[in-house]
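Note: the block below is protein_9.txt and it holds compact mmCIF, C-alpha atoms.
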# COMPACT_ATOMS: atom_id res chain seq x y z
CA MET G 146 81.50 27.95 138.95
CA LEU G 147 82.61 30.60 141.41
CA THR G 148 81.55 29.69 144.93
CA LYS G 149 82.04 31.32 148.27
CA SER G 150 84.69 28.80 149.23
CA THR G 151 86.78 29.65 146.16
CA VAL G 152 86.77 33.40 146.77
CA ASN G 153 89.71 34.44 148.88
CA ARG G 154 89.57 37.61 150.90
CA ALA G 155 91.92 40.12 149.33
CA LYS G 156 94.84 41.00 151.59
CA ARG G 157 96.72 44.25 151.36
CA PRO G 158 100.50 43.93 151.80
CA ALA G 159 101.22 44.66 155.46
CA LYS G 160 103.34 47.62 156.53
CA PRO G 161 104.67 48.48 159.97
CA ILE G 162 102.13 50.59 161.87
CA THR G 163 103.20 53.39 164.21
CA LEU G 164 100.92 55.44 166.46
CA VAL G 165 101.83 59.09 165.91
CA GLY G 166 98.90 61.17 167.14
CA VAL G 167 95.18 61.58 167.62
CA ASP G 168 92.43 63.67 166.02
CA VAL G 169 89.85 64.79 168.57
CA TYR G 170 86.53 66.31 167.49
CA ILE G 171 85.65 68.95 170.06
CA ILE G 172 82.32 70.73 170.48
CA THR G 173 82.51 74.28 171.83
CA GLU G 174 80.65 77.57 171.45
CA GLU G 175 83.73 79.54 172.57
CA GLY G 176 85.47 79.79 169.19
CA ILE G 177 88.76 78.16 168.33
CA PRO G 178 89.78 75.91 171.22
CA MET G 179 93.21 76.60 172.73
CA PHE G 180 95.02 73.86 174.59
CA ASP G 181 97.35 73.44 177.54
CA ASP G 182 100.46 71.32 177.23
CA TYR G 183 99.50 67.67 177.35
CA GLY G 184 102.98 66.19 177.64
CA ALA G 185 103.07 63.35 175.14
CA PHE G 186 100.88 65.22 172.63
CA LYS G 187 101.04 68.70 171.16
CA ILE G 188 98.35 70.50 169.17
CA GLU G 189 99.27 70.80 165.47
CA PHE G 190 96.17 72.38 163.96
CA VAL G 191 92.49 73.05 164.49
CA SER G 192 90.03 72.83 161.60
CA ASN G 193 86.36 73.64 161.19
CA ARG G 194 84.55 71.53 158.60
CA GLY G 195 88.02 70.41 157.41
CA THR G 196 89.35 73.93 156.86
CA LYS G 197 92.28 74.96 159.04
CA VAL G 198 91.37 77.82 161.36
CA TRP G 199 94.49 77.67 163.56
CA PRO G 200 97.33 78.41 163.10
CA GLY G 201 97.53 80.65 160.02
CA TYR G 202 94.97 82.59 158.04
CA VAL G 203 91.71 82.87 159.88
CA SER G 204 88.45 84.45 158.85
CA ASP G 205 85.36 84.42 161.03
CA ASP G 206 83.51 83.10 157.99
CA LEU G 207 85.33 79.79 158.40
CA MET G 208 83.97 79.18 161.90
CA MET G 209 80.66 77.92 160.58
CA VAL G 210 79.86 75.32 163.22
CA ASN G 211 80.64 74.49 166.85
CA TRP G 212 82.58 71.33 165.93
CA TYR G 213 86.35 71.44 165.58
CA ARG G 214 88.82 68.78 164.51
CA CYS G 215 91.90 69.17 166.71
CA ARG G 216 95.00 67.31 165.63
CA PHE G 217 97.43 66.34 168.38
CA MET G 218 100.76 64.86 167.32
CA ALA G 219 102.95 62.78 169.61
CA THR G 220 106.05 64.55 170.91
CA ARG G 221 107.78 61.20 171.61
CA PRO G 222 107.13 57.49 170.87
CA VAL G 223 103.68 56.77 172.31
CA THR G 224 101.43 53.82 173.14
CA ASP G 225 97.65 53.36 173.38
CA ALA G 226 98.00 53.90 177.14
CA ASP G 227 99.40 57.39 176.45
CA VAL G 228 96.32 58.15 174.35
CA ASP G 229 94.06 56.95 177.19
CA THR G 230 95.84 59.23 179.68
CA PHE G 231 95.70 62.12 177.24
CA MET G 232 91.97 61.70 176.61
CA VAL G 233 91.24 61.60 180.35
CA SER G 234 93.11 64.92 180.78
CA LEU G 235 91.40 66.46 177.77
CA SER G 236 87.93 65.39 178.94
CA LYS G 237 88.33 67.41 182.13
CA LYS G 238 88.04 70.62 180.13
CA TRP G 239 86.54 69.81 176.75
CA LYS G 240 83.42 68.16 175.39
CA TRP G 241 84.34 65.88 172.50
CA SER G 242 82.27 63.82 170.09
CA ALA G 243 84.88 61.40 168.75
CA ALA G 244 88.59 60.66 168.64
CA GLN G 245 90.60 58.95 165.92
CA LYS G 246 94.09 57.56 166.44
CA LEU G 247 96.58 58.57 163.78
CA TRP G 248 98.87 55.90 162.45
CA ASN G 249 101.71 55.89 160.00
CA TYR G 250 101.80 52.89 157.67
CA GLY G 251 105.45 52.39 156.84
CA ASP G 252 106.68 55.86 155.90
CA GLU G 253 103.23 57.11 154.87
CA ALA G 254 100.78 59.03 157.02
CA GLY G 255 97.41 57.26 157.23
CA PHE G 256 95.54 60.54 157.63
CA SER G 257 94.86 63.65 155.57
CA LYS G 258 96.07 67.16 156.25
CA ALA G 259 93.62 70.01 156.73
CA TYR G 260 92.97 72.50 153.97
CA MET U 373 81.87 102.36 135.97
CA GLY U 374 85.30 102.92 137.50
CA LYS U 375 88.38 100.82 137.18
CA HIS U 376 88.36 97.34 138.62
CA VAL U 377 91.43 95.73 140.15
CA ILE U 378 91.32 92.00 139.53
CA THR U 379 93.75 89.27 140.50
CA MET U 380 94.73 87.17 137.48
CA LEU U 381 95.86 83.61 138.27
CA PRO U 382 97.09 82.10 134.99
CA GLY U 383 97.77 78.70 136.58
CA GLU U 384 99.90 76.14 134.77
CA GLY U 385 100.03 73.98 131.65
CA THR U 386 97.92 75.73 129.03
CA GLY U 387 96.62 78.18 131.65
CA PRO U 388 98.97 81.11 130.89
CA GLU U 389 98.28 81.09 127.11
CA ILE U 390 94.52 80.77 127.68
CA CYS U 391 94.47 83.55 130.27
CA GLU U 392 96.48 85.86 128.04
CA ALA U 393 93.95 85.39 125.22
CA VAL U 394 91.09 86.00 127.66
CA ARG U 395 92.73 89.14 129.06
CA ARG U 396 93.08 90.56 125.52
CA VAL U 397 89.40 89.93 124.74
CA ILE U 398 88.21 91.42 128.04
CA ASP U 399 90.45 94.47 127.60
CA HIS U 400 88.78 95.09 124.21
CA SER U 401 85.29 94.98 125.73
CA GLY U 402 85.44 98.56 127.00
CA VAL U 403 85.74 97.72 130.66
CA GLU U 404 88.64 99.24 132.61
CA ILE U 405 90.59 96.64 134.52
CA VAL U 406 93.95 96.71 136.28
CA TRP U 407 95.21 93.12 136.29
CA GLU U 408 97.37 91.87 139.14
CA TYR U 409 99.16 88.74 137.96
CA GLU U 410 99.90 86.23 140.71
CA ASP U 411 101.29 82.69 140.83
CA ILE U 412 99.40 79.53 141.74
CA GLY U 413 99.78 75.80 141.15
CA LEU U 414 102.43 73.21 140.45
CA ASP U 415 105.03 75.52 138.88
CA CYS U 416 104.63 77.70 141.91
CA LEU U 417 105.18 74.72 144.19
CA LYS U 418 108.49 74.01 142.45
CA GLU U 419 109.56 77.66 142.63
CA HIS U 420 108.21 78.83 145.99
CA GLY U 421 107.59 75.54 147.85
CA THR U 422 103.86 76.24 148.08
CA LEU U 423 100.87 75.99 145.76
CA LEU U 424 99.53 79.25 147.04
CA PRO U 425 102.12 81.88 148.03
CA GLU U 426 101.32 84.50 150.64
CA LYS U 427 101.57 87.23 147.97
CA THR U 428 98.80 85.54 145.94
CA ILE U 429 96.61 85.16 149.02
CA LYS U 430 97.09 88.84 149.91
CA SER U 431 96.21 89.98 146.39
CA ILE U 432 92.96 87.98 146.37
CA ALA U 433 92.09 89.10 149.90
CA LYS U 434 92.67 92.74 148.90
CA ASN U 435 90.87 92.72 145.53
CA LYS U 436 88.13 90.28 146.60
CA ILE U 437 87.86 89.08 143.03
CA ALA U 438 90.03 86.88 140.82
CA ILE U 439 89.94 84.97 137.56
CA LYS U 440 91.85 81.75 137.40
CA GLY U 441 93.28 79.47 134.74
CA PRO U 442 93.54 75.72 135.23
CA THR U 443 95.81 74.01 137.76
CA THR U 444 96.74 70.35 138.14
CA THR U 445 95.90 68.10 141.08
CA PRO U 446 97.62 64.69 141.27
CA ILE U 447 95.37 61.65 141.76
CA GLY U 448 95.65 59.50 144.88
CA THR U 449 98.81 60.97 146.35
CA GLY U 450 100.80 64.20 146.43
CA HIS U 451 99.81 67.78 147.13
CA LYS U 452 96.32 69.05 147.78
CA SER U 453 94.20 70.81 145.20
CA ALA U 454 94.93 74.54 144.78
CA ASN U 455 91.29 75.00 143.74
CA VAL U 456 89.87 73.41 146.87
CA THR U 457 92.38 75.30 149.04
CA LEU U 458 91.22 78.62 147.57
CA ARG U 459 87.55 77.72 147.95
CA LYS U 460 88.04 76.80 151.58
CA MET U 461 90.40 79.62 152.51
CA PHE U 462 88.09 82.32 151.11
CA ASP U 463 84.91 80.43 152.00
CA LEU U 464 83.67 80.44 148.40
CA TYR U 465 80.67 78.35 149.28
CA ALA U 466 78.65 78.65 146.08
CA ASN U 467 79.91 77.10 142.88
CA VAL U 468 77.68 78.33 140.06
CA ARG U 469 77.90 76.67 136.66
CA PRO U 470 75.60 77.43 133.75
CA ALA U 471 75.11 74.81 131.04
CA LYS U 472 73.58 76.36 127.95
CA LEU U 473 73.58 75.11 124.36
CA ILE U 474 76.28 76.68 122.15
CA PRO U 475 74.88 77.40 118.66
CA VAL U 476 77.70 75.90 116.58
CA LEU U 477 77.96 72.66 118.51
CA LYS U 478 75.43 70.19 117.17
CA ARG U 479 73.71 68.42 120.03
CA PRO U 480 70.69 66.11 120.04
CA TRP U 481 68.59 68.56 122.07
CA ASP U 482 66.80 71.79 121.15
CA LYS U 483 67.05 73.43 124.54
CA ILE U 484 69.29 73.09 127.54
CA ASP U 485 69.66 75.92 130.02
CA ILE U 486 70.58 74.50 133.40
CA LEU U 487 72.18 76.28 136.34
CA THR U 488 73.89 74.15 138.95
CA PHE U 489 74.54 75.49 142.46
CA ARG U 490 77.09 73.23 144.10
CA GLU U 491 77.86 73.60 147.80
CA ASN U 492 81.59 74.15 147.59
CA THR U 493 83.08 73.71 151.06
CA GLU U 494 81.58 70.66 152.78
CA ASP U 495 80.58 67.06 152.10
CA SER U 496 83.37 64.55 151.45
CA TYR U 497 85.59 67.50 150.39
CA ALA U 498 86.12 68.42 154.04
CA ALA U 499 89.41 66.50 153.67
CA ILE U 500 88.86 64.42 156.78
CA GLU U 501 90.25 61.04 155.77
CA HIS U 502 91.88 58.31 157.83
CA MET U 503 93.24 54.82 157.35
CA VAL U 504 91.32 53.39 160.31
CA SER U 505 93.06 50.04 159.91
CA ASP U 506 95.61 48.83 157.39
CA GLU U 507 92.72 47.61 155.23
CA VAL U 508 90.07 50.25 155.76
CA ALA U 509 90.01 53.88 154.60
CA GLN U 510 87.37 56.26 155.89
CA CYS U 511 86.27 59.68 154.67
CA LEU U 512 83.94 61.85 156.71
CA LYS U 513 81.05 63.37 154.80
CA VAL U 514 80.39 66.63 156.61
CA ILE U 515 77.06 68.35 155.99
CA THR U 516 76.09 71.24 158.26
CA TRP U 517 72.84 73.12 158.77
CA PRO U 518 74.38 76.61 158.28
CA GLY U 519 76.28 75.42 155.19
CA SER U 520 73.17 73.85 153.67
CA VAL U 521 70.92 76.83 154.42
CA ARG U 522 73.28 79.36 152.88
CA ILE U 523 73.74 77.50 149.57
CA ALA U 524 69.97 77.09 149.29
CA GLU U 525 69.45 80.79 150.10
CA PHE U 526 72.09 81.73 147.53
CA ALA U 527 70.44 79.58 144.85
CA PHE U 528 66.98 81.04 145.41
CA LYS U 529 68.32 84.61 145.40
CA TRP U 530 70.36 84.02 142.22
CA ALA U 531 67.41 82.31 140.55
CA LYS U 532 65.08 85.17 141.40
CA ALA U 533 67.54 87.83 140.22
CA ASN U 534 67.97 86.03 136.90
CA GLY U 535 64.35 85.19 136.15
CA ARG U 536 64.64 81.45 136.77
CA LYS U 537 61.47 79.55 137.63
CA LYS U 538 62.27 76.20 139.22
CA ILE U 539 64.84 74.79 141.67
CA TYR U 540 65.38 71.13 142.50
CA CYS U 541 67.44 69.87 145.43
CA VAL U 542 69.51 66.84 144.38
CA HIS U 543 70.29 64.33 147.14
CA LYS U 544 70.50 60.72 148.24
CA ALA U 545 68.54 61.19 151.45
CA ASN U 546 66.80 57.84 151.03
CA ILE U 547 70.11 56.20 151.95
CA MET U 548 72.16 58.91 153.69
CA LYS U 549 69.34 59.98 155.94
CA MET U 550 71.43 62.11 158.33
CA THR U 551 73.77 63.95 155.95
CA ASP U 552 71.74 64.31 152.78
CA GLY U 553 68.63 64.36 154.96
CA LEU U 554 69.94 67.51 156.66
CA PHE U 555 70.79 69.11 153.30
CA LEU U 556 67.26 68.40 152.02
CA GLU U 557 65.61 69.60 155.22
CA ALA U 558 67.53 72.91 155.01
CA PHE U 559 66.54 73.29 151.34
CA ARG U 560 62.86 72.75 152.17
CA GLU U 561 63.00 75.32 154.98
CA VAL U 562 64.54 77.91 152.65
CA ALA U 563 62.11 77.05 149.84
CA LYS U 564 59.16 77.98 152.11
CA LYS U 565 60.45 81.57 152.10
CA HIS U 566 60.45 81.68 148.30
CA PRO U 567 56.97 80.56 147.20
CA ASP U 568 57.34 82.44 143.90
CA ILE U 569 59.93 79.90 142.74
CA GLU U 570 58.78 76.33 142.12
CA SER U 571 60.82 73.88 144.18
CA GLY U 572 61.19 70.14 144.49
CA ASP U 573 63.73 67.42 145.09
CA ILE U 574 65.15 64.52 143.17
CA ILE U 575 67.40 61.59 144.08
CA VAL U 576 70.82 61.96 142.50
CA ASP U 577 70.81 58.70 140.52
CA ASN U 578 67.40 59.46 139.04
CA CYS U 579 68.54 63.01 138.32
CA SER U 580 71.55 61.68 136.38
CA MET U 581 69.32 59.46 134.26
CA GLN U 582 66.75 62.24 133.70
CA LEU U 583 69.47 64.71 132.70
CA VAL U 584 70.65 62.38 129.95
CA ARG U 585 67.13 61.48 128.76
CA ASN U 586 65.39 64.83 128.97
CA PRO U 587 67.62 67.70 130.11
CA ALA U 588 65.14 70.39 129.02
CA GLN U 589 62.95 69.62 132.06
CA PHE U 590 65.57 71.09 134.44
CA ASP U 591 66.12 74.74 135.32
CA CYS U 592 68.20 75.11 138.53
CA LEU U 593 69.76 72.36 140.64
CA VAL U 594 71.14 72.71 144.19
CA LEU U 595 73.53 69.97 145.20
CA PRO U 596 75.95 68.95 147.93
CA ASN U 597 79.61 69.15 146.91
CA LEU U 598 80.26 65.70 145.45
CA TYR U 599 77.03 65.34 143.46
CA GLY U 600 77.51 68.94 142.29
CA ASP U 601 81.02 68.19 141.07
CA ILE U 602 79.85 65.21 139.04
CA LEU U 603 76.52 66.45 137.71
CA SER U 604 77.85 69.89 136.72
CA ASP U 605 80.36 68.08 134.48
CA LEU U 606 77.54 65.93 133.14
CA CYS U 607 75.62 69.11 132.29
CA ALA U 608 78.74 70.54 130.61
CA GLY U 609 78.97 67.36 128.55
CA LEU U 610 75.36 67.77 127.43
CA VAL U 611 76.06 71.17 125.92
CA GLY U 612 79.43 70.52 124.31
CA GLY U 613 82.08 69.60 126.84
CA LEU U 614 84.35 71.31 129.31
CA GLY U 615 85.85 73.60 126.64
CA PHE U 616 82.73 75.75 126.91
CA ALA U 617 81.95 75.30 130.62
CA PRO U 618 82.45 78.38 132.81
CA GLY U 619 82.27 78.51 136.57
CA ALA U 620 82.09 80.93 139.45
CA ASN U 621 83.08 80.34 143.05
CA ILE U 622 81.31 82.88 145.18
CA GLY U 623 81.47 83.73 148.87
CA ASP U 624 80.12 86.58 150.93
CA ASN U 625 83.39 88.53 150.72
CA CYS U 626 85.25 87.21 147.70
CA SER U 627 84.68 85.59 144.30
CA ILE U 628 86.92 83.57 142.01
CA PHE U 629 85.91 82.80 138.44
CA GLU U 630 87.43 79.81 136.70
CA ALA U 631 86.95 77.25 133.99
CA VAL U 632 86.39 73.75 135.24
CA HIS U 633 88.65 71.94 132.81
CA GLY U 634 92.18 70.78 133.59
CA SER U 635 95.52 72.32 132.63
CA ALA U 636 96.09 69.95 129.63
CA PRO U 637 99.89 69.98 130.15
CA LYS U 638 100.53 67.96 126.97
CA TYR U 639 99.23 70.93 124.93
CA ALA U 640 101.15 73.57 126.91
CA GLY U 641 102.90 76.07 124.66
CA MET U 642 101.14 74.82 121.51
CA LYS U 643 98.49 77.55 121.68
CA LYS U 644 95.76 75.30 120.36
CA VAL U 645 93.47 74.99 123.36
CA ASN U 646 90.00 76.52 123.39
CA PRO U 647 89.92 79.53 125.78
CA SER U 648 86.09 79.75 125.74
CA ALA U 649 85.55 78.27 129.20
CA VAL U 650 87.83 80.83 130.88
CA LEU U 651 86.42 83.58 128.64
CA LEU U 652 82.83 82.69 129.62
CA SER U 653 83.98 82.64 133.26
CA GLY U 654 85.23 86.17 132.56
CA VAL U 655 81.78 87.04 131.19
CA MET U 656 80.24 85.77 134.44
CA MET U 657 82.79 87.88 136.34
CA LEU U 658 81.88 91.03 134.38
CA ARG U 659 78.18 90.48 135.10
CA TRP U 660 78.99 89.95 138.79
CA LEU U 661 80.78 93.33 138.69
CA GLY U 662 77.76 94.94 137.02
CA GLU U 663 79.60 95.36 133.71
CA ASN U 664 76.71 93.96 131.72
CA ALA U 665 77.43 95.84 128.48
CA ALA U 666 80.98 94.49 128.30
CA ALA U 667 79.78 90.99 129.15
CA GLU U 668 77.11 91.16 126.44
CA LYS U 669 79.64 92.42 123.89
CA ILE U 670 82.02 89.51 124.51
CA GLU U 671 79.27 86.93 124.50
CA LYS U 672 77.82 88.23 121.23
CA GLY U 673 81.29 88.37 119.67
CA MET U 674 82.02 84.81 120.67
CA ASN U 675 78.66 83.53 119.45
CA LYS U 676 79.21 85.31 116.13
CA VAL U 677 82.59 83.61 115.66
CA LEU U 678 81.10 80.25 116.58
CA ALA U 679 78.13 80.74 114.25
CA GLU U 680 80.39 81.71 111.33
CA GLY U 681 82.40 78.56 112.00
CA LYS U 682 85.52 79.82 110.22
CA THR U 683 87.82 80.37 113.17
CA LEU U 684 87.29 77.52 115.58
CA THR U 685 89.71 75.65 117.83
CA TYR U 686 90.32 71.94 117.25
CA ASP U 687 87.80 70.73 119.86
CA ALA U 688 85.03 72.63 118.00
CA GLY U 689 86.06 71.16 114.66
CA GLY U 690 88.44 73.90 113.46
CA THR U 691 92.16 74.49 113.16
CA ALA U 692 92.51 77.98 114.67
CA SER U 693 95.01 78.66 117.42
CA THR U 694 94.05 80.07 120.81
CA ASP U 695 95.25 83.52 119.70
CA GLU U 696 93.51 83.40 116.28
CA TYR U 697 90.24 82.48 117.98
CA ALA U 698 90.67 85.35 120.48
CA ASP U 699 91.52 87.77 117.64
CA ALA U 700 88.39 86.70 115.75
CA ILE U 701 86.26 87.42 118.82
CA ILE U 702 87.90 90.84 119.28
CA LYS U 703 87.17 91.63 115.62
CA ALA U 704 83.57 90.42 115.95
CA MET U 705 83.06 92.64 118.99
CA LYS U 706 83.71 95.83 116.98
Show the structure stored in the file as structure tokens.
Amino acid sequence: MLTKSTVNRAKRPAKPITLVGVDVYIITEEGIPMFDDYGAFKIEFVSNRGTKVWPGYVSDDLMMVNWYRCRFMATRPVTDADVDTFMVSLSKKWKWSAAQKLWNYGDEAGFSKAY
Amino acid sequence: MGKHVITMLPGEGTGPEICEAVRRVIDHSGVEIVWEYEDIGLDCLKEHGTLLPEKTIKSIAKNKIAIKGPTTTPIGTGHKSANVTLRKMFDLYANVRPAKLIPVLKRPWDKIDILTFRENTEDSYAAIEHMVSDEVAQCLKVITWPGSVRIAEFAFKWAKANGRKKIYCVHKANIMKMTDGLFLEAFREVAKKHPDIESGDIIVDNCSMQLVRNPAQFDCLVLPNLYGDILSDLCAGLVGGLGFAPGANIGDNCSIFEAVHGSAPKYAGMKKVNPSAVLLSGVMMLRWLGENAAAEKIEKGMNKVLAEGKTLTYDAGGTASTDEYADAIIKAMK
């Protein structure tokens, strides 16, 4: 009979993990947020409900809500401490609801692109 | 009515041969259309390095209306869906899919006439996914108040304009109390403004079971993106499969009409695939343009061919090619 002690937790083959950026969810009523230079991180895109609104094709119709996903990619090898410093700088100007570190697993990005 | 300029997106696989057959039928319906052919999809990716070239985007943005053949989206990895990209880029928030019994296809029900209104831009299709550890993947389900209100408003307006009587909101708000709860709350607010249409709600799992047991009880369904994707295919299956399932993606400034089936690459070039789904999408497009006489003519022609049963494609039990089936419809339209 199958018992708890005989069930092994499935393990996924490990891959090297590299911190490469951070997604920050920013709340603003001022339209598409524009960012200063943050040193270790550079803005790559801004999306609204997952649809890219900057850079590229933009229609006002796409700015449905006041919540923007802002993807910042590292401009050099970074650590968690760099993310902490970055978030402190960002918080001085922007209200944000959540942040998600972006990692590569081996050669693969562990995060989706915006539409 | 005057000439219409419409962007034609043949897509890939069997798409070009289907779209050519559909164009011939529509051109014989009496409506005046200038077709602008543009590339989209996998072949386009190989040739231009993008699924959706700038020229295609400009054509759709200019004409504000397009009809599209099937495109392929790889599973699990690879490029993003051209369909979802178009829906998001042009904010085509309402996916409308009718499921109506086709006379020639024998089904175990006497009556099915269901309209699904799928919210087309939000939910787990927001494409916000992360590997939050090496063992855990996370997808954000995004439901917004403005997005939920506008799909509900759209459904009630469409229902009213087309003489429909009853709309149900499909959800799982008993479990997803925030996301589906918001969708349901928005639906109820909108429903208050439309007392002439009966409204209610149903949990998605129960709705699935009820659709299979007694589909005649349903009229119009409004659903968040994922449930809409699944249940609209279920409804298509009830009436005869994806070969006869048209669809419209509608926004405030642009509309794209498309079949919901795939590109069937293994049949590409064999000219044996049923073009009915794209043709019926074309019929929806003509009605959207106010070309009701042309739409009626095509629909009657197609139903006549199906009722005669002599010139059917393989999926409907015949041996006719895509072109022979289209020719038969053109002949029946005269």
Return as a list in words the residues belonging to chain U that are within 7 Å of chain G, counting all atoms listed in the file.
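That gives the following set of residues: Thr457, Lys460, Asp463, Glu494, Ala498, Ala499, Ile500, Glu501, His502, Met503, Glu507, Val514 and Pro518 of chain U.
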Nearest to Ala243 of chain G among G:Met208, G:Met146, G:Cys215, G:Ile177, with distances taken over only C-alpha atoms: which residue is it?
G:Cys215
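Minimum atom-to-atom distance to Gly176 of chain G, evaluated using all atoms listed in the file, belongs to G:Asn211 out of G:Pro222, G:Phe217, G:Pro200, G:Asn211.
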Two-atom distance - atom CA of Thr220 of chain G, atom CA of Lys187 of chain G (Å):
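Atom CA of Lys187 of chain G lies 6.5 Å from atom CA of Thr220 of chain G.
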Write out as a PyMOL selection string each polymer residue whose atoms come within 12 Å of Leu235 of chain G, counting all atoms listed in the file; drop sequence neighbours fewer than 6 positions from it.
chain G and resi 167+169-171+178-184+186-188+215+217+228-229+241+244
Atom pair atom CA of Glu410 of chain U / atom CA of Met657 of chain U: separation (Å)
17.7 Å
In terms of the shortest atom-to-atom distance over all atoms listed in the file, which of U:Gly681, U:Gly413, U:Gly609, U:Gly654 is closest to Glu668 of chain U?
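For Glu668 of chain U, the nearest of the given residues is U:Gly654.
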Residues within 6 Å of (93.7, 85.3, 135.2), counting all atoms listed in the file, listed as a PyMOL selection string:
chain U and resi 380-382+391+439-441
Report as a Markdown table: every residue of segment 587-661 of chain U with an atom at most 9 Å from segment 555-559 of chain U, its closest pair of atoms, and their distance in Å to one decimal, counting only C-alpha atoms, with rows sorted by chain and ascending residue number.
| residue | atom | partner | partner_atom | distance |
| --- | --- | --- | --- | --- |
| U:Val594 | CA | U:Phe559 | CA | 8.5 |
| U:Leu595 | CA | U:Phe555 | CA | 8.6 |
| U:Pro596 | CA | U:Phe555 | CA | 7.4 |
Nearest residue to Leu164 of chain G out of U:Leu661, U:Ala438, U:Val504, U:Val394, using only C-alpha atoms?
U:Val504
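When only C-alpha atoms are used to compute distances to Trp212 of chain G, the closest of the residues G:Val191, G:Val165, G:Ala185, G:Val233 turns out to be G:Val191.
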So that I can see what lies close to Trp407 of chain U, please list as a list in words the residues with an atom at most 8 Å from it, counting only C-alpha atoms and leaving out residues fewer than 4 positions away in the same chain.
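The filter keeps Val377, Ile378, Thr379 and Met380 of chain U.
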Residues from the last selection, C-alpha atoms, saved as a PDB file, keeping the file's coordinate frame:
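File written: out.pdb
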ATOM      1  CA  VAL U 377      91.430  95.730 140.150  1.00  0.00           C
ATOM      2  CA  ILE U 378      91.320  92.000 139.530  1.00  0.00           C
ATOM      3  CA  THR U 379      93.750  89.270 140.500  1.00  0.00           C
ATOM      4  CA  MET U 380      94.730  87.170 137.480  1.00  0.00           C
TER       5      MET U 380
END
Proximity to Asn664 of chain U - best of U:Val576, U:Val677, U:Ala471, U:Val403, all atoms listed in the file:
U:Val403
Could you tell me how far atom CA of Ser453 of chain U sits from atom CA of Gly201 of chain G, in Å to one decimal place?
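Here the two named atoms are 18.1 Å from each other.
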Set up a box along x, y and z of the file covering all listed atoms of segment 514-529 of chain U, add 8 Å on every one of the six sides, and write the centre and edge lengths in Å to one decimal, as JSON.
{"center_x": 73.7, "center_y": 75.6, "center_z": 151.8, "size_x": 29.4, "size_y": 34.0, "size_z": 29.9}
